[in-house]
Amino acid sequence: MDRWIGKVAVVTGASSGIGAEIAKDLAKAGMITIGLARRVERVEQLKQQLPKEAANRLHAIKCDVSIETDIERTFQRIRDTYGGVDVLVNNAGIVRQNNLLDLGTAADLRAVLDTNVTGLVLCSQWAYRSMVDRKVDGHIVHISSIAGHMVPNFPQLNIYPGSKHAVRAITETMRQEMRDAGTKIKVTSVSPGAVKTEILDSAAIPEGMPMLEAEDVSAAVLYAIGTPPRVQVHEIMIKPVGEAM
């Protein structure tokens, strides 16, 4: 991680769960860390959990990644204030609990796709342009899900598994485009199983179901971006011990 000290990392969905843990760990690792969230006050509160020097490296910006103008405004502000983006972690993601074949769920479908797919791509576009313009061999990380590799036998996930399968394809498309452009920019997808976060708070989790902690996912992100420039970590799948899927 030494080569990233003093560089700029952007983490979407940084107000809680996996995103909050990643933002804290990147700040502790010496990166100037920009936490994006709709609930920006919760990113500010994360500073209380950090040593003073790391807390000074963590900054919060209000941004809803499902809104294109929000993304454009935010990345322009990051460019003007911090110089650009060296590492992007696309963590923001939502699930809407209803059946895919239920009528009247169009708004939920759009919300999930706008956040989990379109927002991820738009943020990546801005970060990639920043890296190319400044000739930085940066890194883009997508926080996906085991649901992007199979469809869990779990009720009312609606289009969530479909959105994460899309992220899997998007990751490979980006890798090919980066290679064909002659860059050394990396892209990695991290796909955890069930994680103890707010996204599952309202779900009917079976008693005793093995689950990961947010820190487990953050450790995988730091491993991926900490690899030497010659190493491309394309996909990391993380499951809790004893998981049936």
# chains A, B, ... in the order shown; residues from 1 in each chain; ligands from 1
$ residues_around --residues "stretch 55-58 of chain A" --least-positions-apart "3" --cutoff "8 Å" --atoms "only C-alpha atoms" --output "ChimeraX atom specification"
/A:23-24,27,30-35,46-48,50-52
$ residues_around --residues "stretch 172-174 of chain A" --least-positions-apart "2" --cutoff "12 Å" --atoms "only C-alpha atoms" --output "PyMOL selection string"
chain A and resi 120-121+124-125+128+139-142+165-170+176-181+183+185-189+232-235
$ closest_residue --among "A:Val8, A:Pro152, A:Ala127, A:Ala111" --to "A:Tyr82" --atoms "only C-alpha atoms"
A:Val8
$ select_by_dssp --residues "stretch 6-243 of chain A" --states "helix (DSSP H, G or I)" --output "short mmCIF file (atom, residue, chain, number, x, y, z; two decimals) with N, CA, C and O atoms, in the first residue's frame"
data_model
loop_
_atom_site.label_atom_id
_atom_site.label_comp_id
_atom_site.auth_asym_id
_atom_site.auth_seq_id
_atom_site.Cartn_x
_atom_site.Cartn_y
_atom_site.Cartn_z
N GLY A 17 -21.70 0.17 6.85
CA GLY A 17 -21.37 -1.16 6.37
C GLY A 17 -20.02 -1.28 5.70
O GLY A 17 -19.00 -0.77 6.20
N ILE A 18 -20.00 -1.94 4.56
CA ILE A 18 -18.76 -2.21 3.84
C ILE A 18 -18.08 -0.91 3.43
O ILE A 18 -16.87 -0.75 3.58
N GLY A 19 -18.84 0.03 2.89
CA GLY A 19 -18.25 1.29 2.43
C GLY A 19 -17.59 2.06 3.54
O GLY A 19 -16.51 2.63 3.36
N ALA A 20 -18.23 2.09 4.72
CA ALA A 20 -17.66 2.80 5.86
C ALA A 20 -16.35 2.14 6.29
O ALA A 20 -15.36 2.82 6.59
N GLU A 21 -16.32 0.82 6.30
CA GLU A 21 -15.12 0.10 6.72
C GLU A 21 -13.97 0.34 5.73
O GLU A 21 -12.83 0.56 6.12
N ILE A 22 -14.30 0.32 4.44
CA ILE A 22 -13.27 0.56 3.42
C ILE A 22 -12.73 1.99 3.54
O ILE A 22 -11.52 2.21 3.48
N ALA A 23 -13.62 2.95 3.71
CA ALA A 23 -13.19 4.35 3.82
C ALA A 23 -12.25 4.52 5.01
O ALA A 23 -11.20 5.18 4.91
N LYS A 24 -12.59 3.94 6.14
CA LYS A 24 -11.73 4.05 7.33
C LYS A 24 -10.38 3.38 7.09
O LYS A 24 -9.33 3.94 7.45
N ASP A 25 -10.40 2.20 6.49
CA ASP A 25 -9.14 1.48 6.28
C ASP A 25 -8.22 2.18 5.29
O ASP A 25 -7.00 2.19 5.46
N LEU A 26 -8.80 2.78 4.25
CA LEU A 26 -7.98 3.51 3.29
C LEU A 26 -7.36 4.75 3.93
O LEU A 26 -6.19 5.07 3.68
N ALA A 27 -8.13 5.43 4.76
CA ALA A 27 -7.60 6.60 5.46
C ALA A 27 -6.48 6.19 6.41
O ALA A 27 -5.45 6.86 6.50
N LYS A 28 -6.66 5.08 7.11
CA LYS A 28 -5.63 4.59 8.02
C LYS A 28 -4.38 4.16 7.25
O LYS A 28 -3.27 4.22 7.79
N VAL A 40 -24.44 12.15 4.35
CA VAL A 40 -23.06 12.60 4.46
C VAL A 40 -22.63 12.80 5.92
O VAL A 40 -21.45 12.63 6.26
N GLU A 41 -23.58 13.10 6.79
CA GLU A 41 -23.23 13.30 8.20
C GLU A 41 -22.70 12.02 8.84
O GLU A 41 -21.89 12.05 9.77
N ARG A 42 -23.12 10.87 8.31
CA ARG A 42 -22.64 9.61 8.87
C ARG A 42 -21.19 9.33 8.46
O ARG A 42 -20.46 8.66 9.20
N VAL A 43 -20.79 9.83 7.32
CA VAL A 43 -19.38 9.72 6.93
C VAL A 43 -18.53 10.59 7.85
O VAL A 43 -17.45 10.18 8.30
N GLU A 44 -19.03 11.79 8.14
CA GLU A 44 -18.31 12.67 9.06
C GLU A 44 -18.14 12.02 10.43
O GLU A 44 -17.10 12.15 11.08
N GLN A 45 -19.13 11.27 10.86
CA GLN A 45 -19.07 10.62 12.16
C GLN A 45 -18.02 9.52 12.22
O GLN A 45 -17.55 9.16 13.30
N LEU A 46 -17.64 8.98 11.08
CA LEU A 46 -16.62 7.93 11.05
C LEU A 46 -15.28 8.43 11.57
O LEU A 46 -14.47 7.65 12.07
N LYS A 47 -15.05 9.73 11.46
CA LYS A 47 -13.78 10.30 11.92
C LYS A 47 -13.56 10.03 13.40
O LYS A 47 -12.42 9.92 13.86
N GLN A 48 -14.65 9.92 14.16
CA GLN A 48 -14.54 9.67 15.60
C GLN A 48 -13.96 8.29 15.90
O GLN A 48 -13.50 8.03 17.01
N GLN A 49 -13.99 7.41 14.90
CA GLN A 49 -13.48 6.04 15.08
C GLN A 49 -12.04 5.89 14.60
O GLN A 49 -11.50 4.78 14.59
N LYS A 52 -6.25 10.57 14.95
CA LYS A 52 -6.37 11.94 14.46
C LYS A 52 -5.83 12.10 13.05
O LYS A 52 -6.47 12.74 12.20
N GLU A 53 -4.64 11.56 12.76
CA GLU A 53 -4.05 11.74 11.42
C GLU A 53 -4.92 11.12 10.35
O GLU A 53 -5.12 11.69 9.27
N ALA A 54 -5.44 9.92 10.61
CA ALA A 54 -6.32 9.26 9.63
C ALA A 54 -7.63 10.03 9.48
O ALA A 54 -8.15 10.17 8.37
N ALA A 55 -8.16 10.52 10.60
CA ALA A 55 -9.41 11.29 10.54
C ALA A 55 -9.26 12.53 9.68
O ALA A 55 -10.18 12.92 8.95
N ASN A 56 -8.09 13.14 9.72
CA ASN A 56 -7.83 14.33 8.91
C ASN A 56 -7.76 14.01 7.41
O ASN A 56 -7.90 14.90 6.58
N ARG A 57 -7.54 12.74 7.09
CA ARG A 57 -7.48 12.33 5.67
C ARG A 57 -8.84 11.90 5.13
O ARG A 57 -8.96 11.65 3.92
N GLU A 68 -27.28 11.32 -12.23
CA GLU A 68 -26.12 11.62 -13.08
C GLU A 68 -25.53 12.99 -12.77
O GLU A 68 -24.30 13.15 -12.72
N THR A 69 -26.36 13.99 -12.57
CA THR A 69 -25.84 15.33 -12.30
C THR A 69 -25.10 15.39 -10.97
O THR A 69 -24.14 16.15 -10.83
N ASP A 70 -25.52 14.59 -9.99
CA ASP A 70 -24.81 14.50 -8.72
C ASP A 70 -23.40 13.96 -8.93
O ASP A 70 -22.43 14.46 -8.37
N ILE A 71 -23.31 12.92 -9.74
CA ILE A 71 -22.01 12.30 -10.02
C ILE A 71 -21.08 13.29 -10.72
O ILE A 71 -19.92 13.47 -10.34
N GLU A 72 -21.60 13.95 -11.75
CA GLU A 72 -20.79 14.92 -12.50
C GLU A 72 -20.29 16.04 -11.59
O GLU A 72 -19.09 16.36 -11.59
N ARG A 73 -21.18 16.60 -10.80
CA ARG A 73 -20.81 17.69 -9.90
C ARG A 73 -19.76 17.21 -8.89
O ARG A 73 -18.77 17.91 -8.60
N THR A 74 -19.93 16.02 -8.36
CA THR A 74 -19.04 15.50 -7.32
C THR A 74 -17.64 15.26 -7.85
O THR A 74 -16.64 15.66 -7.22
N PHE A 75 -17.53 14.63 -9.00
CA PHE A 75 -16.20 14.32 -9.52
C PHE A 75 -15.49 15.58 -10.03
O PHE A 75 -14.25 15.65 -9.98
N GLN A 76 -16.23 16.55 -10.50
CA GLN A 76 -15.61 17.82 -10.84
C GLN A 76 -15.09 18.52 -9.59
O GLN A 76 -14.00 19.12 -9.61
N ARG A 77 -15.84 18.43 -8.50
CA ARG A 77 -15.38 19.01 -7.24
C ARG A 77 -14.13 18.31 -6.74
O ARG A 77 -13.20 18.95 -6.25
N ILE A 78 -14.10 16.99 -6.85
CA ILE A 78 -12.91 16.23 -6.42
C ILE A 78 -11.70 16.63 -7.27
O ILE A 78 -10.60 16.82 -6.75
N ARG A 79 -11.91 16.79 -8.56
CA ARG A 79 -10.82 17.23 -9.45
C ARG A 79 -10.31 18.59 -9.02
O ARG A 79 -9.09 18.81 -8.91
N ASP A 80 -11.21 19.52 -8.76
CA ASP A 80 -10.82 20.90 -8.44
C ASP A 80 -10.19 21.01 -7.05
O ASP A 80 -9.31 21.85 -6.83
N THR A 81 -10.63 20.17 -6.12
CA THR A 81 -10.18 20.29 -4.73
C THR A 81 -8.99 19.40 -4.42
O THR A 81 -8.05 19.81 -3.71
N TYR A 82 -9.01 18.18 -4.95
CA TYR A 82 -7.99 17.19 -4.58
C TYR A 82 -7.08 16.78 -5.75
O TYR A 82 -6.15 16.01 -5.55
N ALA A 106 -41.98 -1.06 -10.94
CA ALA A 106 -41.08 -0.41 -11.89
C ALA A 106 -40.14 0.58 -11.20
O ALA A 106 -38.96 0.67 -11.55
N ALA A 107 -40.63 1.32 -10.23
CA ALA A 107 -39.78 2.29 -9.53
C ALA A 107 -38.65 1.59 -8.80
O ALA A 107 -37.51 2.08 -8.77
N ASP A 108 -38.95 0.44 -8.20
CA ASP A 108 -37.92 -0.32 -7.50
C ASP A 108 -36.89 -0.87 -8.48
O ASP A 108 -35.68 -0.87 -8.20
N LEU A 109 -37.35 -1.34 -9.63
CA LEU A 109 -36.43 -1.86 -10.65
C LEU A 109 -35.45 -0.75 -11.07
O LEU A 109 -34.24 -0.97 -11.15
N ARG A 110 -36.01 0.42 -11.36
CA ARG A 110 -35.16 1.53 -11.81
C ARG A 110 -34.18 1.96 -10.71
O ARG A 110 -33.02 2.26 -10.99
N ALA A 111 -34.64 1.98 -9.48
CA ALA A 111 -33.77 2.41 -8.37
C ALA A 111 -32.57 1.48 -8.24
O ALA A 111 -31.44 1.95 -8.07
N VAL A 112 -32.81 0.18 -8.29
CA VAL A 112 -31.71 -0.78 -8.16
C VAL A 112 -30.75 -0.68 -9.33
O VAL A 112 -29.52 -0.64 -9.14
N LEU A 113 -31.27 -0.61 -10.53
CA LEU A 113 -30.39 -0.54 -11.71
C LEU A 113 -29.65 0.80 -11.78
O LEU A 113 -28.47 0.83 -12.14
N ASP A 114 -30.33 1.88 -11.41
CA ASP A 114 -29.67 3.19 -11.43
C ASP A 114 -28.51 3.25 -10.45
O ASP A 114 -27.48 3.89 -10.73
N THR A 115 -28.64 2.61 -9.31
CA THR A 115 -27.57 2.62 -8.31
C THR A 115 -26.52 1.55 -8.57
O THR A 115 -25.32 1.84 -8.63
N ASN A 116 -26.96 0.31 -8.72
CA ASN A 116 -26.04 -0.83 -8.78
C ASN A 116 -25.32 -0.96 -10.11
O ASN A 116 -24.23 -1.54 -10.16
N VAL A 117 -25.91 -0.45 -11.17
CA VAL A 117 -25.32 -0.64 -12.51
C VAL A 117 -24.93 0.70 -13.14
O VAL A 117 -23.75 0.98 -13.36
N THR A 118 -25.92 1.54 -13.42
CA THR A 118 -25.64 2.79 -14.12
C THR A 118 -24.74 3.71 -13.30
O THR A 118 -23.76 4.27 -13.82
N GLY A 119 -25.03 3.86 -12.02
CA GLY A 119 -24.20 4.71 -11.16
C GLY A 119 -22.77 4.20 -11.09
O GLY A 119 -21.82 5.00 -11.12
N LEU A 120 -22.62 2.90 -10.99
CA LEU A 120 -21.28 2.29 -10.97
C LEU A 120 -20.50 2.62 -12.24
O LEU A 120 -19.32 2.99 -12.19
N VAL A 121 -21.15 2.51 -13.37
CA VAL A 121 -20.47 2.80 -14.65
C VAL A 121 -20.14 4.28 -14.76
O VAL A 121 -19.02 4.65 -15.16
N LEU A 122 -21.06 5.16 -14.40
CA LEU A 122 -20.81 6.59 -14.53
C LEU A 122 -19.67 7.05 -13.62
O LEU A 122 -18.81 7.84 -14.03
N CYS A 123 -19.65 6.56 -12.38
CA CYS A 123 -18.54 6.89 -11.49
C CYS A 123 -17.22 6.39 -12.06
O CYS A 123 -16.19 7.07 -11.99
N SER A 124 -17.25 5.20 -12.64
CA SER A 124 -16.04 4.63 -13.23
C SER A 124 -15.56 5.47 -14.41
O SER A 124 -14.35 5.65 -14.61
N GLN A 125 -16.49 5.97 -15.20
CA GLN A 125 -16.12 6.81 -16.35
C GLN A 125 -15.34 8.05 -15.88
O GLN A 125 -14.31 8.39 -16.46
N TRP A 126 -15.86 8.70 -14.86
CA TRP A 126 -15.20 9.92 -14.36
C TRP A 126 -13.84 9.60 -13.74
O TRP A 126 -12.86 10.33 -13.96
N ALA A 127 -13.77 8.52 -12.98
CA ALA A 127 -12.49 8.16 -12.35
C ALA A 127 -11.47 7.76 -13.42
O ALA A 127 -10.30 8.16 -13.36
N TYR A 128 -11.91 6.98 -14.39
CA TYR A 128 -11.01 6.55 -15.46
C TYR A 128 -10.47 7.75 -16.24
O TYR A 128 -9.27 7.83 -16.54
N ARG A 129 -11.34 8.69 -16.55
CA ARG A 129 -10.90 9.88 -17.28
C ARG A 129 -9.87 10.66 -16.47
O ARG A 129 -8.87 11.15 -17.00
N SER A 130 -10.09 10.75 -15.16
CA SER A 130 -9.13 11.43 -14.29
C SER A 130 -7.77 10.73 -14.32
O SER A 130 -6.72 11.37 -14.39
N MET A 131 -7.79 9.41 -14.27
CA MET A 131 -6.54 8.64 -14.29
C MET A 131 -5.80 8.79 -15.63
O MET A 131 -4.59 9.01 -15.66
N VAL A 132 -6.54 8.72 -16.70
CA VAL A 132 -5.93 8.83 -18.03
C VAL A 132 -5.36 10.24 -18.24
O VAL A 132 -4.23 10.40 -18.71
N ASP A 133 -6.14 11.24 -17.90
CA ASP A 133 -5.69 12.62 -18.10
C ASP A 133 -4.41 12.93 -17.33
O ASP A 133 -3.57 13.71 -17.79
N ILE A 146 -21.74 -12.41 -4.32
CA ILE A 146 -21.80 -13.80 -4.77
C ILE A 146 -23.02 -14.01 -5.66
O ILE A 146 -23.04 -14.91 -6.51
N ALA A 147 -24.02 -13.13 -5.50
CA ALA A 147 -25.23 -13.20 -6.34
C ALA A 147 -24.94 -12.81 -7.77
O ALA A 147 -25.81 -12.94 -8.64
N GLY A 148 -23.72 -12.33 -8.05
CA GLY A 148 -23.31 -12.06 -9.42
C GLY A 148 -22.71 -13.27 -10.11
O GLY A 148 -22.36 -13.21 -11.30
N TYR A 160 -31.95 -7.72 -8.01
CA TYR A 160 -30.62 -7.58 -7.40
C TYR A 160 -29.60 -8.57 -7.99
O TYR A 160 -28.51 -8.14 -8.40
N PRO A 161 -29.89 -9.88 -8.06
CA PRO A 161 -28.90 -10.78 -8.68
C PRO A 161 -28.60 -10.40 -10.13
O PRO A 161 -27.45 -10.49 -10.57
N GLY A 162 -29.60 -9.95 -10.86
CA GLY A 162 -29.37 -9.51 -12.24
C GLY A 162 -28.43 -8.33 -12.29
O GLY A 162 -27.55 -8.25 -13.17
N SER A 163 -28.57 -7.40 -11.35
CA SER A 163 -27.69 -6.23 -11.33
C SER A 163 -26.25 -6.64 -11.04
O SER A 163 -25.30 -6.05 -11.59
N LYS A 164 -26.06 -7.64 -10.20
CA LYS A 164 -24.71 -8.08 -9.85
C LYS A 164 -24.10 -8.96 -10.94
O LYS A 164 -22.87 -8.96 -11.13
N HIS A 165 -24.91 -9.69 -11.68
CA HIS A 165 -24.41 -10.37 -12.87
C HIS A 165 -23.93 -9.35 -13.90
O HIS A 165 -22.94 -9.56 -14.60
N ALA A 166 -24.65 -8.23 -13.98
CA ALA A 166 -24.23 -7.15 -14.89
C ALA A 166 -22.87 -6.61 -14.47
O ALA A 166 -22.01 -6.35 -15.33
N VAL A 167 -22.64 -6.44 -13.18
CA VAL A 167 -21.35 -5.93 -12.70
C VAL A 167 -20.23 -6.87 -13.10
O VAL A 167 -19.12 -6.43 -13.46
N ARG A 168 -20.49 -8.15 -13.06
CA ARG A 168 -19.47 -9.13 -13.46
C ARG A 168 -19.07 -8.92 -14.92
O ARG A 168 -17.88 -8.92 -15.26
N ALA A 169 -20.07 -8.74 -15.79
CA ALA A 169 -19.78 -8.50 -17.21
C ALA A 169 -19.13 -7.14 -17.42
O ALA A 169 -18.21 -6.99 -18.25
N ILE A 170 -19.58 -6.15 -16.67
CA ILE A 170 -19.02 -4.80 -16.78
C ILE A 170 -17.55 -4.80 -16.41
O ILE A 170 -16.72 -4.13 -17.05
N THR A 171 -17.19 -5.55 -15.37
CA THR A 171 -15.79 -5.62 -14.94
C THR A 171 -14.90 -6.13 -16.07
O THR A 171 -13.83 -5.57 -16.35
N GLU A 172 -15.33 -7.20 -16.74
CA GLU A 172 -14.54 -7.75 -17.84
C GLU A 172 -14.50 -6.80 -19.02
O GLU A 172 -13.45 -6.64 -19.68
N THR A 173 -15.61 -6.14 -19.32
CA THR A 173 -15.63 -5.16 -20.41
C THR A 173 -14.64 -4.03 -20.14
O THR A 173 -13.89 -3.61 -21.03
N MET A 174 -14.64 -3.55 -18.91
CA MET A 174 -13.70 -2.47 -18.54
C MET A 174 -12.26 -2.94 -18.65
O MET A 174 -11.39 -2.21 -19.14
N ARG A 175 -11.98 -4.16 -18.19
CA ARG A 175 -10.62 -4.68 -18.28
C ARG A 175 -10.14 -4.70 -19.72
O ARG A 175 -9.01 -4.31 -20.04
N GLN A 176 -11.01 -5.16 -20.62
CA GLN A 176 -10.65 -5.23 -22.04
C GLN A 176 -10.43 -3.84 -22.62
O GLN A 176 -9.48 -3.62 -23.39
N GLU A 177 -11.30 -2.89 -22.26
CA GLU A 177 -11.14 -1.53 -22.76
C GLU A 177 -9.85 -0.89 -22.25
O GLU A 177 -9.15 -0.19 -22.99
N MET A 178 -9.54 -1.11 -20.98
CA MET A 178 -8.30 -0.56 -20.42
C MET A 178 -7.08 -1.15 -21.10
O MET A 178 -6.11 -0.45 -21.41
N ARG A 179 -7.12 -2.45 -21.35
CA ARG A 179 -6.02 -3.11 -22.05
C ARG A 179 -5.88 -2.59 -23.47
O ARG A 179 -4.76 -2.26 -23.92
N ASP A 180 -6.99 -2.50 -24.18
CA ASP A 180 -6.94 -2.07 -25.58
C ASP A 180 -6.49 -0.61 -25.71
O ASP A 180 -5.91 -0.23 -26.74
N GLU A 198 -26.46 -3.09 6.84
CA GLU A 198 -27.82 -2.58 6.83
C GLU A 198 -28.63 -3.07 5.65
O GLU A 198 -29.86 -3.13 5.72
N ILE A 199 -27.96 -3.45 4.55
CA ILE A 199 -28.70 -3.86 3.36
C ILE A 199 -29.51 -5.13 3.63
O ILE A 199 -30.50 -5.42 2.97
N LEU A 200 -29.10 -5.91 4.65
CA LEU A 200 -29.81 -7.14 5.00
C LEU A 200 -30.65 -7.01 6.26
O LEU A 200 -31.26 -7.99 6.70
N ALA A 214 -18.05 -6.69 7.63
CA ALA A 214 -17.62 -5.68 6.65
C ALA A 214 -16.10 -5.62 6.55
O ALA A 214 -15.54 -5.39 5.47
N GLU A 215 -15.41 -5.82 7.66
CA GLU A 215 -13.95 -5.75 7.67
C GLU A 215 -13.32 -6.83 6.79
O GLU A 215 -12.22 -6.66 6.28
N ASP A 216 -14.03 -7.96 6.61
CA ASP A 216 -13.50 -9.02 5.74
C ASP A 216 -13.45 -8.56 4.29
O ASP A 216 -12.51 -8.88 3.55
N VAL A 217 -14.46 -7.82 3.88
CA VAL A 217 -14.51 -7.31 2.51
C VAL A 217 -13.48 -6.21 2.32
O VAL A 217 -12.78 -6.14 1.30
N SER A 218 -13.36 -5.33 3.31
CA SER A 218 -12.37 -4.26 3.23
C SER A 218 -10.96 -4.82 3.10
O SER A 218 -10.14 -4.30 2.34
N ALA A 219 -10.67 -5.88 3.84
CA ALA A 219 -9.34 -6.50 3.76
C ALA A 219 -9.05 -6.99 2.35
O ALA A 219 -7.91 -6.89 1.86
N ALA A 220 -10.08 -7.51 1.67
CA ALA A 220 -9.89 -7.98 0.30
C ALA A 220 -9.61 -6.82 -0.65
O ALA A 220 -8.79 -6.93 -1.57
N VAL A 221 -10.28 -5.69 -0.42
CA VAL A 221 -10.05 -4.51 -1.25
C VAL A 221 -8.61 -4.02 -1.09
O VAL A 221 -7.92 -3.74 -2.07
N LEU A 222 -8.16 -3.93 0.16
CA LEU A 222 -6.79 -3.46 0.39
C LEU A 222 -5.76 -4.43 -0.17
O LEU A 222 -4.72 -4.01 -0.66
N TYR A 223 -6.07 -5.71 -0.14
CA TYR A 223 -5.16 -6.68 -0.77
C TYR A 223 -5.07 -6.41 -2.27
O TYR A 223 -3.97 -6.34 -2.84
N ALA A 224 -6.22 -6.25 -2.92
CA ALA A 224 -6.24 -6.09 -4.38
C ALA A 224 -5.49 -4.84 -4.81
O ALA A 224 -4.66 -4.89 -5.74
N ILE A 225 -5.75 -3.72 -4.16
CA ILE A 225 -5.09 -2.48 -4.61
C ILE A 225 -3.64 -2.42 -4.14
O ILE A 225 -2.85 -1.63 -4.66
#
$ select_by_dssp --residues "stretch 61-220 of chain A" --states "strand (DSSP E)" --output "PyMOL selection string"
chain A and resi 61-62+87-90+139-143+186-192
$ write_last_selection --atoms "N, CA and C atoms" --output "mmCIF file, in the first residue's frame"
data_model
loop_
_atom_site.group_PDB
_atom_site.id
_atom_site.type_symbol
_atom_site.label_atom_id
_atom_site.label_comp_id
_atom_site.auth_asym_id
_atom_site.auth_seq_id
_atom_site.Cartn_x
_atom_site.Cartn_y
_atom_site.Cartn_z
ATOM 1 N N ILE A 61 -18.437 13.897 1.053
ATOM 2 C CA ILE A 61 -19.155 14.693 0.061
ATOM 3 C C ILE A 61 -20.522 14.043 -0.163
ATOM 4 N N LYS A 62 -21.551 14.848 -0.152
ATOM 5 C CA LYS A 62 -22.904 14.346 -0.384
ATOM 6 C C LYS A 62 -23.072 14.018 -1.866
ATOM 7 N N VAL A 87 -7.780 5.981 -6.886
ATOM 8 C CA VAL A 87 -8.470 4.716 -6.598
ATOM 9 C C VAL A 87 -9.953 5.021 -6.437
ATOM 10 N N LEU A 88 -10.792 4.230 -7.099
ATOM 11 C CA LEU A 88 -12.241 4.336 -6.930
ATOM 12 C C LEU A 88 -12.768 2.999 -6.427
ATOM 13 N N VAL A 89 -13.552 3.041 -5.357
ATOM 14 C CA VAL A 89 -14.240 1.848 -4.877
ATOM 15 C C VAL A 89 -15.744 2.070 -5.043
ATOM 16 N N ASN A 90 -16.336 1.369 -5.991
ATOM 17 C CA ASN A 90 -17.774 1.447 -6.246
ATOM 18 C C ASN A 90 -18.483 0.497 -5.281
ATOM 19 N N HIS A 139 -6.674 2.391 -9.974
ATOM 20 C CA HIS A 139 -7.366 1.124 -9.726
ATOM 21 C C HIS A 139 -8.837 1.419 -9.460
ATOM 22 N N ILE A 140 -9.712 0.675 -10.131
ATOM 23 C CA ILE A 140 -11.154 0.751 -9.897
ATOM 24 C C ILE A 140 -11.601 -0.589 -9.318
ATOM 25 N N VAL A 141 -12.308 -0.530 -8.198
ATOM 26 C CA VAL A 141 -12.795 -1.736 -7.531
ATOM 27 C C VAL A 141 -14.314 -1.683 -7.446
ATOM 28 N N HIS A 142 -14.956 -2.764 -7.896
ATOM 29 C CA HIS A 142 -16.409 -2.881 -7.783
ATOM 30 C C HIS A 142 -16.747 -3.842 -6.648
ATOM 31 N N ILE A 143 -17.549 -3.401 -5.692
ATOM 32 C CA ILE A 143 -18.053 -4.317 -4.670
ATOM 33 C C ILE A 143 -19.315 -4.968 -5.229
ATOM 34 N N LYS A 186 -6.039 -0.745 -13.446
ATOM 35 C CA LYS A 186 -6.600 -2.049 -13.084
ATOM 36 C C LYS A 186 -8.079 -1.926 -12.713
ATOM 37 N N VAL A 187 -8.786 -3.042 -12.865
ATOM 38 C CA VAL A 187 -10.163 -3.121 -12.390
ATOM 39 C C VAL A 187 -10.339 -4.471 -11.704
ATOM 40 N N THR A 188 -11.007 -4.445 -10.558
ATOM 41 C CA THR A 188 -11.211 -5.650 -9.759
ATOM 42 C C THR A 188 -12.646 -5.699 -9.271
ATOM 43 N N SER A 189 -13.231 -6.890 -9.286
ATOM 44 C CA SER A 189 -14.545 -7.110 -8.694
ATOM 45 C C SER A 189 -14.373 -7.947 -7.429
ATOM 46 N N VAL A 190 -14.975 -7.491 -6.337
ATOM 47 C CA VAL A 190 -14.952 -8.230 -5.077
ATOM 48 C C VAL A 190 -16.376 -8.706 -4.787
ATOM 49 N N SER A 191 -16.547 -10.024 -4.693
ATOM 50 C CA SER A 191 -17.884 -10.612 -4.576
ATOM 51 C C SER A 191 -18.030 -11.375 -3.259
ATOM 52 N N PRO A 192 -18.557 -10.716 -2.234
ATOM 53 C CA PRO A 192 -18.763 -11.412 -0.962
ATOM 54 C C PRO A 192 -20.094 -12.142 -0.907
#
$ closest_residue --among "A:Ala29, A:Gly93, A:Pro240, A:His59" --to "A:Gly13" --atoms "only C-alpha atoms"
A:Gly93
$ decode --residues "stretch 111-119 of chain A" --atoms "N, CA, C and O atoms" --output "compact mmCIF listing (two decimals), in the first residue's frame"
# COMPACT_ATOMS: atom_id res chain seq x y z
N ALA A 111 -34.64 1.98 -9.48
CA ALA A 111 -33.77 2.41 -8.37
C ALA A 111 -32.57 1.48 -8.24
O ALA A 111 -31.44 1.95 -8.07
N VAL A 112 -32.81 0.18 -8.29
CA VAL A 112 -31.71 -0.78 -8.16
C VAL A 112 -30.75 -0.68 -9.33
O VAL A 112 -29.52 -0.64 -9.14
N LEU A 113 -31.27 -0.61 -10.53
CA LEU A 113 -30.39 -0.54 -11.71
C LEU A 113 -29.65 0.80 -11.78
O LEU A 113 -28.47 0.83 -12.14
N ASP A 114 -30.33 1.88 -11.41
CA ASP A 114 -29.67 3.19 -11.43
C ASP A 114 -28.51 3.25 -10.45
O ASP A 114 -27.48 3.89 -10.73
N THR A 115 -28.64 2.61 -9.31
CA THR A 115 -27.57 2.62 -8.31
C THR A 115 -26.52 1.55 -8.57
O THR A 115 -25.32 1.84 -8.63
N ASN A 116 -26.96 0.31 -8.72
CA ASN A 116 -26.04 -0.83 -8.78
C ASN A 116 -25.32 -0.96 -10.11
O ASN A 116 -24.23 -1.54 -10.16
N VAL A 117 -25.91 -0.45 -11.17
CA VAL A 117 -25.32 -0.64 -12.51
C VAL A 117 -24.93 0.70 -13.14
O VAL A 117 -23.75 0.98 -13.36
N THR A 118 -25.92 1.54 -13.42
CA THR A 118 -25.64 2.79 -14.12
C THR A 118 -24.74 3.71 -13.30
O THR A 118 -23.76 4.27 -13.82
N GLY A 119 -25.03 3.86 -12.02
CA GLY A 119 -24.20 4.71 -11.16
C GLY A 119 -22.77 4.20 -11.09
O GLY A 119 -21.82 5.00 -11.12
